[in-house]
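Enquirer: Got a structure for you, written out below as structure tokens; questions coming shortly.
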Amino acid sequence: MTPRRAAEVVDELGRLLLGGPLPLSVRCWDGSEAIVEGAPTLVVRHPRALRRLVYAPGELGLARAYVSGDLDIEG
């Protein structure tokens with residue numbers, strides 16, 4: 001079994017939660033990226049951000065990850 005890159009996991013998580021592809025590019029702490037041309041970039045700076053989003057889905061988890069500096073948006 002090969003380890004998965006973080007951006008693949010974030011992209012798959014977004015598909016599960018939204019029911020379709022993320023309308024964002026994703027760049028993660030491990031250097032991995034999932035690019036959507038012309039879209040803003042979700043920057044996941046720490047694995048803690050994913051934990052916050054999974055344990056508190058919706059605005060609360062997103063806000064906690066953003067305020068803590070674990071998550072940012074570029075563009």
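Ordering of the structure tokens sets the chain letters (A, B, ...); residue numbers start at 1 within each chain; ligands are numbered from 1 in the order shown.
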If we count only C-alpha atoms, what is near stretch 11-28 of chain A at a cut-off of 8 Å, once residues fewer than 5 positions away on the same chain are taken out, given as a ChimeraX atom specification?
Expert: /A:6,33-37,39-46
Enquirer: Please, could you write that set of residues out with C-alpha atoms as a short mmCIF file (atom, residue, chain, number, x, y, z; two decimals), in the first residue's frame?
Expert:
data_model
loop_
_atom_site.label_atom_id
_atom_site.label_comp_id
_atom_site.auth_asym_id
_atom_site.auth_seq_id
_atom_site.Cartn_x
_atom_site.Cartn_y
_atom_site.Cartn_z
CA ALA A 6 -2.58 14.98 1.36
CA GLU A 33 -1.50 19.92 -4.98
CA ALA A 34 -4.81 19.30 -6.73
CA ILE A 35 -5.16 22.08 -9.30
CA VAL A 36 -8.38 23.46 -10.77
CA GLU A 37 -7.46 26.05 -13.42
CA ALA A 39 -9.98 28.65 -9.17
CA PRO A 40 -8.90 30.06 -5.79
CA THR A 41 -6.51 27.87 -3.81
CA LEU A 42 -7.33 26.30 -0.46
CA VAL A 43 -4.04 26.14 1.46
CA VAL A 44 -4.00 23.46 4.16
CA ARG A 45 -0.98 24.27 6.32
CA HIS A 46 -1.32 21.52 8.93
#
Enquirer: To test your reading of the structure, identify every residue in stretch 17-72 of chain A that backbone DSSP assigns to strand (DSSP E or B), and report it as a VMD selection string.
Expert: chain A and resid 25 to 28 33 to 34 41 to 44 71 to 72
Enquirer: Produce a file of the selected residues containing N, CA and C atoms, as a PDB file, in the first residue's frame.
Expert:
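Okay, this is what ended up in again.pdb:
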ATOM      1  N   SER A  25      -8.718  24.851  -6.012  1.00  0.00           N
ATOM      2  CA  SER A  25      -7.460  24.126  -6.048  1.00  0.00           C
ATOM      3  C   SER A  25      -7.076  23.880  -4.591  1.00  0.00           C
ATOM      4  N   VAL A  26      -6.266  22.856  -4.356  1.00  0.00           N
ATOM      5  CA  VAL A  26      -5.845  22.530  -2.991  1.00  0.00           C
ATOM      6  C   VAL A  26      -4.330  22.401  -2.967  1.00  0.00           C
ATOM      7  N   ARG A  27      -3.681  23.019  -1.968  1.00  0.00           N
ATOM      8  CA  ARG A  27      -2.242  22.853  -1.740  1.00  0.00           C
ATOM      9  C   ARG A  27      -2.069  22.503  -0.272  1.00  0.00           C
ATOM     10  N   CYS A  28      -1.305  21.455   0.010  1.00  0.00           N
ATOM     11  CA  CYS A  28      -1.187  20.959   1.382  1.00  0.00           C
ATOM     12  C   CYS A  28       0.236  21.068   1.917  1.00  0.00           C
ATOM     13  N   GLU A  33      -0.518  18.972  -4.450  1.00  0.00           N
ATOM     14  CA  GLU A  33      -1.501  19.917  -4.979  1.00  0.00           C
ATOM     15  C   GLU A  33      -2.532  19.187  -5.831  1.00  0.00           C
ATOM     16  N   ALA A  34      -3.746  19.708  -5.816  1.00  0.00           N
ATOM     17  CA  ALA A  34      -4.808  19.299  -6.734  1.00  0.00           C
ATOM     18  C   ALA A  34      -5.277  20.601  -7.374  1.00  0.00           C
ATOM     19  N   THR A  41      -7.233  28.991  -4.389  1.00  0.00           N
ATOM     20  CA  THR A  41      -6.507  27.868  -3.805  1.00  0.00           C
ATOM     21  C   THR A  41      -6.764  27.771  -2.311  1.00  0.00           C
ATOM     22  N   LEU A  42      -7.191  26.608  -1.874  1.00  0.00           N
ATOM     23  CA  LEU A  42      -7.328  26.299  -0.456  1.00  0.00           C
ATOM     24  C   LEU A  42      -5.972  25.800   0.008  1.00  0.00           C
ATOM     25  N   VAL A  43      -5.360  26.510   0.961  1.00  0.00           N
ATOM     26  CA  VAL A  43      -4.043  26.142   1.463  1.00  0.00           C
ATOM     27  C   VAL A  43      -4.230  25.486   2.835  1.00  0.00           C
ATOM     28  N   VAL A  44      -3.899  24.204   2.905  1.00  0.00           N
ATOM     29  CA  VAL A  44      -4.002  23.457   4.157  1.00  0.00           C
ATOM     30  C   VAL A  44      -2.589  23.380   4.725  1.00  0.00           C
ATOM     31  N   LEU A  71      -5.446  26.873   7.940  1.00  0.00           N
ATOM     32  CA  LEU A  71      -6.135  26.866   6.663  1.00  0.00           C
ATOM     33  C   LEU A  71      -6.195  28.296   6.132  1.00  0.00           C
ATOM     34  N   ASP A  72      -6.036  28.463   4.825  1.00  0.00           N
ATOM     35  CA  ASP A  72      -6.113  29.792   4.233  1.00  0.00           C
ATOM     36  C   ASP A  72      -6.628  29.657   2.797  1.00  0.00           C
TER      37      ASP A  72
END
Enquirer: If DSSP is run on the backbone, what residues of chain A are helix (DSSP H, G or I)? A reply as a ChimeraX atom specification would be ideal.
Expert: /A:6-18,47-55,59-67
Enquirer: Using only C-alpha atoms, find the one residue out of A:Ser32, A:Glu74, A:Ser68, A:Leu60 that sits nearest to A:Arg4.
Expert: A:Ser32
Enquirer: Could you list, as a list in words, every residue within 9 Å of A:Leu62, counting only C-alpha atoms and ignoring same-chain residues fewer than 6 positions away?
Expert: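 In the requested form, the answer reads Ala49, Arg52, Leu53, Ala56 and Leu71 of chain A.
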